[in-house]
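Asks: What follows is query-v6.cif; its format and atoms are mmCIF, C-alpha atoms and all ligand atoms; chains and numbers go by the auth columns.
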data_structure
#
loop_
_atom_site.group_PDB
_atom_site.id
_atom_site.type_symbol
_atom_site.label_atom_id
_atom_site.label_comp_id
_atom_site.label_asym_id
_atom_site.label_seq_id
_atom_site.Cartn_x
_atom_site.Cartn_y
_atom_site.Cartn_z
_atom_site.B_iso_or_equiv
_atom_site.auth_seq_id
_atom_site.auth_asym_id
ATOM 1 C CA MET A 1 7.343 18.207 0.854 0.00 1 S
ATOM 2 C CA ILE A 2 6.942 14.427 0.929 0.00 2 S
ATOM 3 C CA GLY A 3 5.472 12.624 -2.068 0.00 3 S
ATOM 4 C CA ILE A 4 3.230 9.594 -1.709 0.00 4 S
ATOM 5 C CA LEU A 5 2.021 7.502 -4.618 0.00 5 S
ATOM 6 C CA ASP A 6 -0.366 4.665 -5.271 0.00 6 S
ATOM 7 C CA SER A 7 -2.460 3.306 -8.118 0.00 7 S
ATOM 8 C CA GLY A 8 -5.454 5.153 -6.676 0.00 8 S
ATOM 9 C CA ILE A 9 -6.710 6.145 -3.260 0.00 9 S
ATOM 10 C CA GLY A 10 -5.730 2.925 -1.421 0.00 10 S
ATOM 11 C CA GLY A 11 -2.494 4.498 -0.183 0.00 11 S
ATOM 12 C CA VAL A 12 -4.620 6.682 2.087 0.00 12 S
ATOM 13 C CA SER A 13 -4.270 3.785 4.566 0.00 13 S
ATOM 14 C CA VAL A 14 -0.530 4.542 4.606 0.00 14 S
ATOM 15 C CA LEU A 15 -0.861 8.324 4.696 0.00 15 S
ATOM 16 C CA ARG A 16 -3.132 8.036 7.762 0.00 16 S
ATOM 17 C CA GLU A 17 -0.286 6.391 9.693 0.00 17 S
ATOM 18 C CA ILE A 18 2.339 8.814 8.369 0.00 18 S
ATOM 19 C CA VAL A 19 0.288 11.810 9.514 0.00 19 S
ATOM 20 C CA LYS A 20 0.160 10.352 13.046 0.00 20 S
ATOM 21 C CA LEU A 21 3.967 10.547 13.148 0.00 21 S
ATOM 22 C CA ILE A 22 4.379 13.773 11.149 0.00 22 S
ATOM 23 C CA PRO A 23 1.278 15.780 12.097 0.00 23 S
ATOM 24 C CA ASN A 24 2.523 19.043 10.625 0.00 24 S
ATOM 25 C CA GLY A 25 4.078 17.664 7.440 0.00 25 S
ATOM 26 C CA HIS A 26 3.537 18.861 3.896 0.00 26 S
ATOM 27 C CA PHE A 27 2.450 16.069 1.591 0.00 27 S
ATOM 28 C CA VAL A 28 1.497 15.626 -2.012 0.00 28 S
ATOM 29 C CA TYR A 29 -0.452 12.430 -2.656 0.00 29 S
ATOM 30 C CA TYR A 30 -0.516 11.134 -6.232 0.00 30 S
ATOM 31 C CA SER A 31 -3.445 8.840 -6.944 0.00 31 S
ATOM 32 C CA ASP A 32 -2.890 7.146 -10.293 0.00 32 S
ATOM 33 C CA SER A 33 -6.447 5.929 -10.626 0.00 33 S
ATOM 34 C CA ILE A 34 -6.431 6.100 -14.401 0.00 34 S
ATOM 35 C CA ASN A 35 -3.910 3.239 -14.426 0.00 35 S
ATOM 36 C CA ASN A 36 -5.559 1.200 -11.679 0.00 36 S
ATOM 37 C CA PRO A 37 -5.112 -1.721 -11.267 0.00 37 S
ATOM 38 C CA TYR A 38 -1.324 -2.074 -11.430 0.00 38 S
ATOM 39 C CA GLY A 39 -1.445 -5.659 -10.175 0.00 39 S
ATOM 40 C CA ASP A 40 -2.248 -7.325 -13.474 0.00 40 S
ATOM 41 C CA LYS A 41 0.111 -5.234 -15.650 0.00 41 S
ATOM 42 C CA SER A 42 3.563 -6.314 -16.815 0.00 42 S
ATOM 43 C CA GLU A 43 6.630 -5.242 -14.839 0.00 43 S
ATOM 44 C CA GLU A 44 7.788 -3.038 -17.743 0.00 44 S
ATOM 45 C CA GLU A 45 4.441 -1.241 -17.885 0.00 45 S
ATOM 46 C CA ILE A 46 4.369 -0.659 -14.135 0.00 46 S
ATOM 47 C CA TYR A 47 7.929 0.658 -14.068 0.00 47 S
ATOM 48 C CA ALA A 48 7.250 3.119 -16.898 0.00 48 S
ATOM 49 C CA ILE A 49 4.090 4.387 -15.181 0.00 49 S
ATOM 50 C CA VAL A 50 5.705 4.751 -11.765 0.00 50 S
ATOM 51 C CA LYS A 51 8.795 6.452 -13.176 0.00 51 S
ATOM 52 C CA ASN A 52 6.619 9.177 -14.692 0.00 52 S
ATOM 53 C CA ILE A 53 4.969 9.819 -11.346 0.00 53 S
ATOM 54 C CA VAL A 54 8.363 9.922 -9.634 0.00 54 S
ATOM 55 C CA LYS A 55 9.547 12.526 -12.178 0.00 55 S
ATOM 56 C CA TYR A 56 6.454 14.620 -11.446 0.00 56 S
ATOM 57 C CA LEU A 57 6.951 14.410 -7.671 0.00 57 S
ATOM 58 C CA LEU A 58 10.626 15.346 -7.962 0.00 58 S
ATOM 59 C CA GLU A 59 9.733 18.331 -10.154 0.00 59 S
ATOM 60 C CA ARG A 60 7.319 19.375 -7.414 0.00 60 S
ATOM 61 C CA GLY A 61 10.284 19.423 -5.011 0.00 61 S
ATOM 62 C CA CYS A 62 9.625 16.310 -2.937 0.00 62 S
ATOM 63 C CA VAL A 63 12.472 15.437 -0.554 0.00 63 S
ATOM 64 C CA ALA A 64 11.299 11.842 -0.178 0.00 64 S
ATOM 65 C CA ILE A 65 8.905 9.552 -2.016 0.00 65 S
ATOM 66 C CA VAL A 66 6.810 6.883 -0.360 0.00 66 S
ATOM 67 C CA LEU A 67 5.672 4.052 -2.606 0.00 67 S
ATOM 68 C CA ALA A 68 2.355 3.464 -0.835 0.00 68 S
ATOM 69 C CA CYS A 69 1.592 0.595 -3.182 0.00 69 S
ATOM 70 C CA ASN A 70 2.882 -2.911 -2.562 0.00 70 S
ATOM 71 C CA THR A 71 2.862 -3.727 -6.261 0.00 71 S
ATOM 72 C CA ALA A 72 4.863 -0.658 -7.298 0.00 72 S
ATOM 73 C CA SER A 73 7.270 -1.222 -4.395 0.00 73 S
ATOM 74 C CA ALA A 74 7.826 -4.875 -5.176 0.00 74 S
ATOM 75 C CA ILE A 75 8.525 -4.216 -8.836 0.00 75 S
ATOM 76 C CA CYS A 76 10.106 -0.770 -8.964 0.00 76 S
ATOM 77 C CA VAL A 77 11.988 0.208 -5.838 0.00 77 S
ATOM 78 C CA LYS A 78 15.288 -1.496 -6.648 0.00 78 S
ATOM 79 C CA SER A 79 15.548 0.104 -10.101 0.00 79 S
ATOM 80 C CA LEU A 80 14.313 3.482 -8.856 0.00 80 S
ATOM 81 C CA ARG A 81 17.018 3.553 -6.179 0.00 81 S
ATOM 82 C CA GLU A 82 19.615 2.779 -8.855 0.00 82 S
ATOM 83 C CA GLU A 83 18.260 5.385 -11.256 0.00 83 S
ATOM 84 C CA TYR A 84 17.778 8.116 -8.627 0.00 84 S
ATOM 85 C CA PRO A 85 20.561 7.479 -6.101 0.00 85 S
ATOM 86 C CA ASN A 86 20.066 10.843 -4.379 0.00 86 S
ATOM 87 C CA THR A 87 16.375 10.371 -3.725 0.00 87 S
ATOM 88 C CA LEU A 88 14.982 8.765 -0.611 0.00 88 S
ATOM 89 C CA PHE A 89 12.443 6.095 -1.571 0.00 89 S
ATOM 90 C CA ILE A 90 10.461 4.371 1.151 0.00 90 S
ATOM 91 C CA ALA A 91 8.732 1.206 0.011 0.00 91 S
ATOM 92 C CA ILE A 92 5.905 -0.720 1.610 0.00 92 S
ATOM 93 C CA GLU A 93 5.844 -4.514 1.557 0.00 93 S
ATOM 94 C CA PRO A 94 3.356 -7.164 2.736 0.00 94 S
ATOM 95 C CA ALA A 95 3.747 -7.441 6.522 0.00 95 S
ATOM 96 C CA TYR A 96 4.653 -11.121 6.489 0.00 96 S
ATOM 97 C CA LYS A 97 7.553 -10.586 8.900 0.00 97 S
ATOM 98 C CA MET A 98 5.048 -9.190 11.417 0.00 98 S
ATOM 99 C CA VAL A 99 3.290 -12.561 11.411 0.00 99 S
ATOM 100 C CA HIS A 100 6.627 -14.187 12.183 0.00 100 S
ATOM 101 C CA ASP A 101 7.104 -11.747 15.099 0.00 101 S
ATOM 102 C CA TYR A 102 3.587 -11.864 16.574 0.00 102 S
ATOM 103 C CA ASN A 103 1.895 -15.148 15.686 0.00 103 S
ATOM 104 C CA PRO A 104 4.347 -17.394 13.824 0.00 104 S
ATOM 105 C CA SER A 105 2.447 -20.652 14.217 0.00 105 S
ATOM 106 C CA GLY A 106 -0.930 -19.295 13.094 0.00 106 S
ATOM 107 C CA LYS A 107 -2.491 -20.327 9.810 0.00 107 S
ATOM 108 C CA THR A 108 -1.931 -17.346 7.559 0.00 108 S
ATOM 109 C CA LEU A 109 -3.542 -15.956 4.443 0.00 109 S
ATOM 110 C CA VAL A 110 -1.531 -13.443 2.419 0.00 110 S
ATOM 111 C CA MET A 111 -3.789 -11.355 0.184 0.00 111 S
ATOM 112 C CA ALA A 112 -1.987 -9.351 -2.507 0.00 112 S
ATOM 113 C CA THR A 113 -1.947 -8.623 -6.211 0.00 113 S
ATOM 114 C CA LYS A 114 -0.488 -11.024 -8.759 0.00 114 S
ATOM 115 C CA GLY A 115 2.336 -8.531 -9.417 0.00 115 S
ATOM 116 C CA THR A 116 3.320 -8.468 -5.735 0.00 116 S
ATOM 117 C CA LEU A 117 3.105 -12.217 -5.167 0.00 117 S
ATOM 118 C CA ASN A 118 5.164 -13.011 -8.281 0.00 118 S
ATOM 119 C CA SER A 119 7.863 -10.459 -7.541 0.00 119 S
ATOM 120 C CA GLU A 120 11.364 -11.486 -6.493 0.00 120 S
ATOM 121 C CA LYS A 121 11.182 -9.037 -3.584 0.00 121 S
ATOM 122 C CA PHE A 122 8.110 -10.685 -2.077 0.00 122 S
ATOM 123 C CA LEU A 123 9.301 -14.222 -2.771 0.00 123 S
ATOM 124 C CA ALA A 124 12.539 -13.529 -0.890 0.00 124 S
ATOM 125 C CA LEU A 125 10.528 -12.286 2.107 0.00 125 S
ATOM 126 C CA TYR A 126 8.196 -15.276 1.944 0.00 126 S
ATOM 127 C CA ARG A 127 11.008 -17.822 1.766 0.00 127 S
ATOM 128 C CA LYS A 128 12.700 -16.197 4.745 0.00 128 S
ATOM 129 C CA TYR A 129 9.675 -16.292 7.074 0.00 129 S
ATOM 130 C CA ASP A 130 7.571 -19.137 5.649 0.00 130 S
ATOM 131 C CA ASN A 131 5.833 -20.833 8.600 0.00 131 S
ATOM 132 C CA GLY A 132 4.641 -23.783 6.519 0.00 132 S
ATOM 133 C CA ARG A 133 1.016 -22.800 7.192 0.00 133 S
ATOM 134 C CA THR A 134 0.638 -19.949 4.732 0.00 134 S
ATOM 135 C CA ILE A 135 -1.618 -19.542 1.723 0.00 135 S
ATOM 136 C CA LEU A 136 -0.726 -16.956 -0.918 0.00 136 S
ATOM 137 C CA LEU A 137 -3.895 -15.602 -2.498 0.00 137 S
ATOM 138 C CA SER A 138 -3.648 -13.496 -5.622 0.00 138 S
ATOM 139 C CA CYS A 139 -6.664 -11.161 -5.445 0.00 139 S
ATOM 140 C CA SER A 140 -6.951 -10.172 -9.062 0.00 140 S
ATOM 141 C CA GLY A 141 -9.489 -7.360 -9.550 0.00 141 S
ATOM 142 C CA LEU A 142 -10.065 -6.629 -5.846 0.00 142 S
ATOM 143 C CA ALA A 143 -8.101 -3.345 -5.694 0.00 143 S
ATOM 144 C CA ASP A 144 -10.054 -2.239 -8.737 0.00 144 S
ATOM 145 C CA ILE A 145 -13.506 -2.656 -7.162 0.00 145 S
ATOM 146 C CA ILE A 146 -12.359 -1.083 -3.887 0.00 146 S
ATOM 147 C CA GLU A 147 -11.095 1.851 -5.948 0.00 147 S
ATOM 148 C CA GLN A 148 -14.526 2.151 -7.577 0.00 148 S
ATOM 149 C CA GLY A 149 -16.088 2.123 -4.106 0.00 149 S
ATOM 150 C CA ASP A 150 -18.580 -0.539 -5.103 0.00 150 S
ATOM 151 C CA MET A 151 -19.101 -2.334 -1.788 0.00 151 S
ATOM 152 C CA LYS A 152 -21.717 -4.738 -3.144 0.00 152 S
ATOM 153 C CA LYS A 153 -19.178 -6.050 -5.624 0.00 153 S
ATOM 154 C CA VAL A 154 -16.558 -6.158 -2.860 0.00 154 S
ATOM 155 C CA ASP A 155 -18.830 -8.318 -0.662 0.00 155 S
ATOM 156 C CA LEU A 156 -19.562 -10.713 -3.509 0.00 156 S
ATOM 157 C CA TYR A 157 -15.870 -10.929 -4.365 0.00 157 S
ATOM 158 C CA LEU A 158 -14.895 -11.673 -0.764 0.00 158 S
ATOM 159 C CA GLU A 159 -17.582 -14.311 -0.233 0.00 159 S
ATOM 160 C CA GLU A 160 -16.590 -16.033 -3.464 0.00 160 S
ATOM 161 C CA ASN A 161 -12.820 -15.879 -2.965 0.00 161 S
ATOM 162 C CA LEU A 162 -12.370 -16.169 0.813 0.00 162 S
ATOM 163 C CA LYS A 163 -15.002 -18.768 1.704 0.00 163 S
ATOM 164 C CA ASP A 164 -12.464 -21.619 1.696 0.00 164 S
ATOM 165 C CA TYR A 165 -10.214 -19.907 4.216 0.00 165 S
ATOM 166 C CA ARG A 166 -12.478 -19.523 7.245 0.00 166 S
ATOM 167 C CA ASP A 167 -9.954 -21.424 9.385 0.00 167 S
ATOM 168 C CA VAL A 168 -7.115 -18.867 9.101 0.00 168 S
ATOM 169 C CA ASN A 169 -5.895 -16.912 12.131 0.00 169 S
ATOM 170 C CA ASN A 170 -3.793 -14.276 10.403 0.00 170 S
ATOM 171 C CA VAL A 171 -4.491 -12.195 7.324 0.00 171 S
ATOM 172 C CA VAL A 172 -1.738 -10.172 5.692 0.00 172 S
ATOM 173 C CA LEU A 173 -3.231 -7.247 3.791 0.00 173 S
ATOM 174 C CA GLY A 174 -0.574 -7.047 1.081 0.00 174 S
ATOM 175 C CA CYS A 175 -2.176 -4.252 -0.926 0.00 175 S
ATOM 176 C CA THR A 176 -2.806 -0.772 0.431 0.00 176 S
ATOM 177 C CA HIS A 177 -6.415 -0.872 -0.762 0.00 177 S
ATOM 178 C CA TYR A 178 -7.278 -3.845 1.467 0.00 178 S
ATOM 179 C CA PRO A 179 -7.109 -2.175 4.921 0.00 179 S
ATOM 180 C CA LEU A 180 -10.060 -0.075 3.704 0.00 180 S
ATOM 181 C CA ILE A 181 -12.278 -3.197 3.733 0.00 181 S
ATOM 182 C CA LYS A 182 -11.120 -4.902 6.955 0.00 182 S
ATOM 183 C CA ASP A 183 -14.653 -4.909 8.389 0.00 183 S
ATOM 184 C CA ARG A 184 -15.971 -6.674 5.290 0.00 184 S
ATOM 185 C CA ILE A 185 -13.185 -9.272 5.322 0.00 185 S
ATOM 186 C CA LYS A 186 -14.106 -9.992 8.960 0.00 186 S
ATOM 187 C CA ARG A 187 -17.687 -10.695 7.948 0.00 187 S
ATOM 188 C CA VAL A 188 -16.399 -13.639 5.890 0.00 188 S
ATOM 189 C CA LEU A 189 -13.406 -14.806 7.912 0.00 189 S
ATOM 190 C CA GLY A 190 -14.445 -13.900 11.454 0.00 190 S
ATOM 191 C CA ASP A 191 -12.203 -12.340 14.059 0.00 191 S
ATOM 192 C CA VAL A 192 -8.804 -12.746 12.380 0.00 192 S
ATOM 193 C CA ASN A 193 -5.571 -10.872 13.179 0.00 193 S
ATOM 194 C CA PHE A 194 -4.750 -8.329 10.483 0.00 194 S
ATOM 195 C CA PHE A 195 -1.219 -7.359 9.474 0.00 195 S
ATOM 196 C CA ASP A 196 -0.366 -4.535 7.116 0.00 196 S
ATOM 197 C CA GLY A 197 2.758 -2.584 6.312 0.00 197 S
ATOM 198 C CA SER A 198 1.508 0.953 6.897 0.00 198 S
ATOM 199 C CA ILE A 199 2.853 1.444 10.437 0.00 199 S
ATOM 200 C CA GLY A 200 6.237 -0.058 9.542 0.00 200 S
ATOM 201 C CA VAL A 201 6.611 2.112 6.475 0.00 201 S
ATOM 202 C CA SER A 202 5.699 5.264 8.417 0.00 202 S
ATOM 203 C CA LYS A 203 8.285 4.538 11.109 0.00 203 S
ATOM 204 C CA GLU A 204 10.886 3.804 8.445 0.00 204 S
ATOM 205 C CA LEU A 205 10.122 7.102 6.714 0.00 205 S
ATOM 206 C CA VAL A 206 10.713 9.085 9.917 0.00 206 S
ATOM 207 C CA ARG A 207 13.840 7.065 10.747 0.00 207 S
ATOM 208 C CA GLN A 208 15.369 7.673 7.306 0.00 208 S
ATOM 209 C CA LEU A 209 14.495 11.377 7.270 0.00 209 S
ATOM 210 C CA LYS A 210 16.221 11.823 10.647 0.00 210 S
ATOM 211 C CA LEU A 211 19.199 9.708 9.613 0.00 211 S
ATOM 212 C CA ARG A 212 19.731 11.892 6.548 0.00 212 S
ATOM 213 C CA SER A 213 18.987 15.122 8.454 0.00 213 S
ATOM 214 C CA ILE A 214 16.224 15.965 5.994 0.00 214 S
ATOM 215 C CA LYS A 215 13.957 18.653 7.387 0.00 215 S
ATOM 216 C CA PHE A 216 10.448 17.242 7.390 0.00 216 S
ATOM 217 C CA CYS A 217 8.602 19.127 10.089 0.00 217 S
ATOM 218 C CA SER A 218 7.655 22.758 10.090 0.00 218 S
ATOM 219 C CA ASP A 219 5.868 25.109 12.428 0.00 219 S
ATOM 220 C CA ASP A 220 3.024 25.270 9.932 0.00 220 S
ATOM 221 C CA LYS A 221 -0.132 23.273 9.906 0.00 221 S
ATOM 222 C CA LEU A 222 -0.518 19.949 8.140 0.00 222 S
ATOM 223 C CA SER A 223 -0.995 20.327 4.402 0.00 223 S
ATOM 224 C CA ILE A 224 -2.069 17.552 2.043 0.00 224 S
ATOM 225 C CA GLU A 225 -2.410 18.104 -1.664 0.00 225 S
ATOM 226 C CA PHE A 226 -4.344 15.465 -3.572 0.00 226 S
ATOM 227 C CA VAL A 227 -3.576 14.879 -7.257 0.00 227 S
ATOM 228 C CA ASP A 228 -5.423 12.300 -9.316 0.00 228 S
ATOM 229 C CA SER A 229 -4.540 11.176 -12.836 0.00 229 S
ATOM 230 C CA SER A 230 -8.170 10.678 -13.869 0.00 230 S
ATOM 231 C CA SER A 231 -10.833 13.288 -14.291 0.00 231 S
ATOM 232 C CA ASP A 232 -13.040 11.701 -11.636 0.00 232 S
ATOM 233 C CA LEU A 233 -13.752 14.558 -9.240 0.00 233 S
ATOM 234 C CA ALA A 234 -15.396 12.266 -6.680 0.00 234 S
ATOM 235 C CA LYS A 235 -11.989 10.779 -5.845 0.00 235 S
ATOM 236 C CA ARG A 236 -10.897 13.817 -3.874 0.00 236 S
ATOM 237 C CA SER A 237 -13.832 13.811 -1.472 0.00 237 S
ATOM 238 C CA ARG A 238 -13.619 10.044 -0.987 0.00 238 S
ATOM 239 C CA PHE A 239 -9.904 10.334 -0.298 0.00 239 S
ATOM 240 C CA PHE A 240 -10.318 13.019 2.370 0.00 240 S
ATOM 241 C CA LYS A 241 -13.262 11.167 3.948 0.00 241 S
ATOM 242 C CA LEU A 242 -11.149 8.011 4.208 0.00 242 S
ATOM 243 C CA LEU A 243 -8.231 9.997 5.576 0.00 243 S
ATOM 244 C CA ALA A 244 -10.399 11.359 8.376 0.00 244 S
ATOM 245 C CA ARG A 245 -11.686 7.879 9.263 0.00 245 S
ATOM 246 C CA LYS A 246 -10.080 6.386 12.388 0.00 246 S
HETATM 247 N N1 LIG B . -2.639 -0.346 -3.696 0.00 1 I
HETATM 248 C C1 LIG B . -1.960 -1.193 -4.656 0.00 1 I
HETATM 249 C C2 LIG B . -1.070 -2.181 -3.904 0.00 1 I
HETATM 250 O O1 LIG B . -0.767 -1.931 -2.756 0.00 1 I
HETATM 251 C C3 LIG B . -2.991 -1.718 -5.590 0.00 1 I
HETATM 252 C C4 LIG B . -2.452 -2.484 -6.715 0.00 1 I
HETATM 253 C C5 LIG B . -3.222 -2.433 -7.989 0.00 1 I
HETATM 254 O O2 LIG B . -3.464 -1.328 -8.485 0.00 1 I
HETATM 255 O O3 LIG B . -3.499 -3.508 -8.514 0.00 1 I
HETATM 256 O O4 LIG B . -0.642 -3.200 -4.416 0.00 1 I
#
What is this structure when it is put down as structure tokens?
Replies:
Amino acid sequence: MIGILDSGIGGVSVLREIVKLIPNGHFVYYSDSINNPYGDKSEEEIYAIVKNIVKYLLERGCVAIVLACNTASAICVKSLREEYPNTLFIAIEPAYKMVHDYNPSGKTLVMATKGTLNSEKFLALYRKYDNGRTILLSCSGLADIIEQGDMKKVDLYLEENLKDYRDVNNVVLGCTHYPLIKDRIKRVLGDVNFFDGSIGVSKELVRQLKLRSIKFCSDDKLSIEFVDSSSDLAKRSRFFKLLARK
């Protein structure tokens, strides 16, 4: 079984891509919506929260854990790998290198949480590929309203916070919740190129599983278990609806 975690249902954008590559995998998805948003919490708080989820997923017998949350990845993956050297952790990161590969001279907006943008891990990536035409936009509160599914609030937020960036060509969606609102971002910014880390992380997961000869496919059908830390029962149906969306 492969474990996938996020601060809510945003990581469904990652699971969608993973399922394309592992269509008969067994997955347990942990949606920590009670602690959403992670982005404005301290590094210590986030690490403690994520470590508890990791313990749970390991107890459930996961052979690999995907951090389908840019914030958790940026802050926790290094320490988790040190603390659990025998566990395979796959970590997403804002797809800023993809901009460098596909449209390096384009004006670029990186949208992510404060926690991600302030992290050493992201800053190292940014310094390496900085094209001199990049704006880093900390989208405090955005993951939270996407998680609530309140699209009116999302539209107001985007109009208010993105209106000064209508001249960008590239938008890096540096939080796994943001690919869920691509169409709404386009309404404000027009026909921009989107970059997100979900395809890269899925390929890396398969590559690492093969490299380590970890059995990850079976003859069975796909199975996805959804676990949420809150008592909000509506999460499950929203999650599976989003998963089925192309
Ligand atoms: N999906 C998380 C991420 O990718 C959301 C962060 C949050 O909870 O603030 O960063």
Asks: Go through the chains and note each residue within 9 Å of ligand LIG 1 (chain I), using only C-alpha atoms and all ligand atoms, then give the set as a VMD selection string.
Replies: chain S and resid 6 to 11 32 to 33 35 to 41 67 to 74 92 to 94 112 to 116 139 to 144 147 173 to 178
Asks: For the residues selected in the previous step, produce a file with C-alpha atoms as a compact mmCIF listing (two decimals), in the frame of the given file.
Replies:
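As a result, selection_31.txt now contains:
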# COMPACT_ATOMS: atom_id res chain seq x y z
CA ASP S 6 -0.37 4.66 -5.27
CA SER S 7 -2.46 3.31 -8.12
CA GLY S 8 -5.45 5.15 -6.68
CA ILE S 9 -6.71 6.14 -3.26
CA GLY S 10 -5.73 2.92 -1.42
CA GLY S 11 -2.49 4.50 -0.18
CA ASP S 32 -2.89 7.15 -10.29
CA SER S 33 -6.45 5.93 -10.63
CA ASN S 35 -3.91 3.24 -14.43
CA ASN S 36 -5.56 1.20 -11.68
CA PRO S 37 -5.11 -1.72 -11.27
CA TYR S 38 -1.32 -2.07 -11.43
CA GLY S 39 -1.44 -5.66 -10.18
CA ASP S 40 -2.25 -7.32 -13.47
CA LYS S 41 0.11 -5.23 -15.65
CA LEU S 67 5.67 4.05 -2.61
CA ALA S 68 2.36 3.46 -0.84
CA CYS S 69 1.59 0.60 -3.18
CA ASN S 70 2.88 -2.91 -2.56
CA THR S 71 2.86 -3.73 -6.26
CA ALA S 72 4.86 -0.66 -7.30
CA SER S 73 7.27 -1.22 -4.39
CA ALA S 74 7.83 -4.88 -5.18
CA ILE S 92 5.90 -0.72 1.61
CA GLU S 93 5.84 -4.51 1.56
CA PRO S 94 3.36 -7.16 2.74
CA ALA S 112 -1.99 -9.35 -2.51
CA THR S 113 -1.95 -8.62 -6.21
CA LYS S 114 -0.49 -11.02 -8.76
CA GLY S 115 2.34 -8.53 -9.42
CA THR S 116 3.32 -8.47 -5.74
CA CYS S 139 -6.66 -11.16 -5.44
CA SER S 140 -6.95 -10.17 -9.06
CA GLY S 141 -9.49 -7.36 -9.55
CA LEU S 142 -10.06 -6.63 -5.85
CA ALA S 143 -8.10 -3.34 -5.69
CA ASP S 144 -10.05 -2.24 -8.74
CA GLU S 147 -11.10 1.85 -5.95
CA LEU S 173 -3.23 -7.25 3.79
CA GLY S 174 -0.57 -7.05 1.08
CA CYS S 175 -2.18 -4.25 -0.93
CA THR S 176 -2.81 -0.77 0.43
CA HIS S 177 -6.42 -0.87 -0.76
CA TYR S 178 -7.28 -3.84 1.47
Asks: For Ser105 (chain S), which of S:Tyr29, S:Tyr129, S:Phe240, S:Phe89 is the closest residue, counting only C-alpha atoms?
Replies: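 Ranking S:Tyr29, S:Tyr129, S:Phe240, S:Phe89 by distance to Ser105 (chain S), first place goes to S:Tyr129.
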Asks: By how many Å are CA of Gly149 (chain S) and CA of Ser229 (chain S) apart?
Replies: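 So the two atoms, CA of Gly149 (chain S) and CA of Ser229 (chain S), lie 17.1 Å apart.
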Asks: Using the chain letters and residue numbers of this document, give as a PyMOL selection string the residues selected by the PyMOL selection byres (((chain S and resi 21) around 8) and not hetatm).
Replies: chain S and resi 17-20+22-23+202-203+206
Asks: Residues within 8 Å of Leu137 (chain S), please, as a list in words. Count all atoms listed in the file; anything in the same chain fewer than 4 positions from it doesn't count.
Replies: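 Here the qualifying residues turn out to be Leu109, Val110, Met111 and Ala112 of chain S.
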Asks: Apply the PyMOL selection byres (((chain S and resi 65) around 10) and not hetatm) to the structure shown and report the selected residues as a compact mmCIF listing (two decimals) with C-alpha atoms, keeping the file's coordinate frame.
Replies:
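What landed in part.txt:
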# COMPACT_ATOMS: atom_id res chain seq x y z
CA MET S 1 7.34 18.21 0.85
CA ILE S 2 6.94 14.43 0.93
CA GLY S 3 5.47 12.62 -2.07
CA ILE S 4 3.23 9.59 -1.71
CA LEU S 5 2.02 7.50 -4.62
CA PHE S 27 2.45 16.07 1.59
CA VAL S 28 1.50 15.63 -2.01
CA TYR S 29 -0.45 12.43 -2.66
CA VAL S 54 8.36 9.92 -9.63
CA LEU S 57 6.95 14.41 -7.67
CA LEU S 58 10.63 15.35 -7.96
CA CYS S 62 9.62 16.31 -2.94
CA VAL S 63 12.47 15.44 -0.55
CA ALA S 64 11.30 11.84 -0.18
CA VAL S 66 6.81 6.88 -0.36
CA LEU S 67 5.67 4.05 -2.61
CA ALA S 68 2.36 3.46 -0.84
CA THR S 87 16.38 10.37 -3.72
CA LEU S 88 14.98 8.76 -0.61
CA PHE S 89 12.44 6.10 -1.57
CA ILE S 90 10.46 4.37 1.15
CA ALA S 91 8.73 1.21 0.01
CA LEU S 205 10.12 7.10 6.71
Asks: Just give me the residues with any atom within 10 Å of (-9.1, 10.7, 1.5), file coordinates, counting all atoms listed in the file, written as a PyMOL selection string.
Replies: chain S and resi 9-13+15-16+29+224+226+235-245
Asks: Would you compute the distance between CA of Ser31 (chain S) and CA of Phe122 (chain S)? Give it in Å to one decimal.
Replies: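 Answer for the CA of Ser31 (chain S) to CA of Phe122 (chain S) separation: 23.2 Å.
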Asks: Hey, can you check how far CA of Arg60 (chain S) sits from CA of Asp228 (chain S)?
Replies: 14.7 Å
Asks: Rank nothing, just name the residue among S:Gly106, S:Ser42, S:Glu59, S:Ala95 nearest to Cys76 (chain S), using only C-alpha atoms.
Replies: S:Ser42
Asks: Enumerate, as a list in words, the residues matched when the PyMOL selection byres (((chain S and resi 180-192) around 6) and not hetatm) is run on the file above.
Replies: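 This file gives the following for the PyMOL selection byres (((chain S and resi 180-192) around 6) and not hetatm): Arg166, Asn169, Asn170, His177, Tyr178, Pro179 and Asn193 of chain S.
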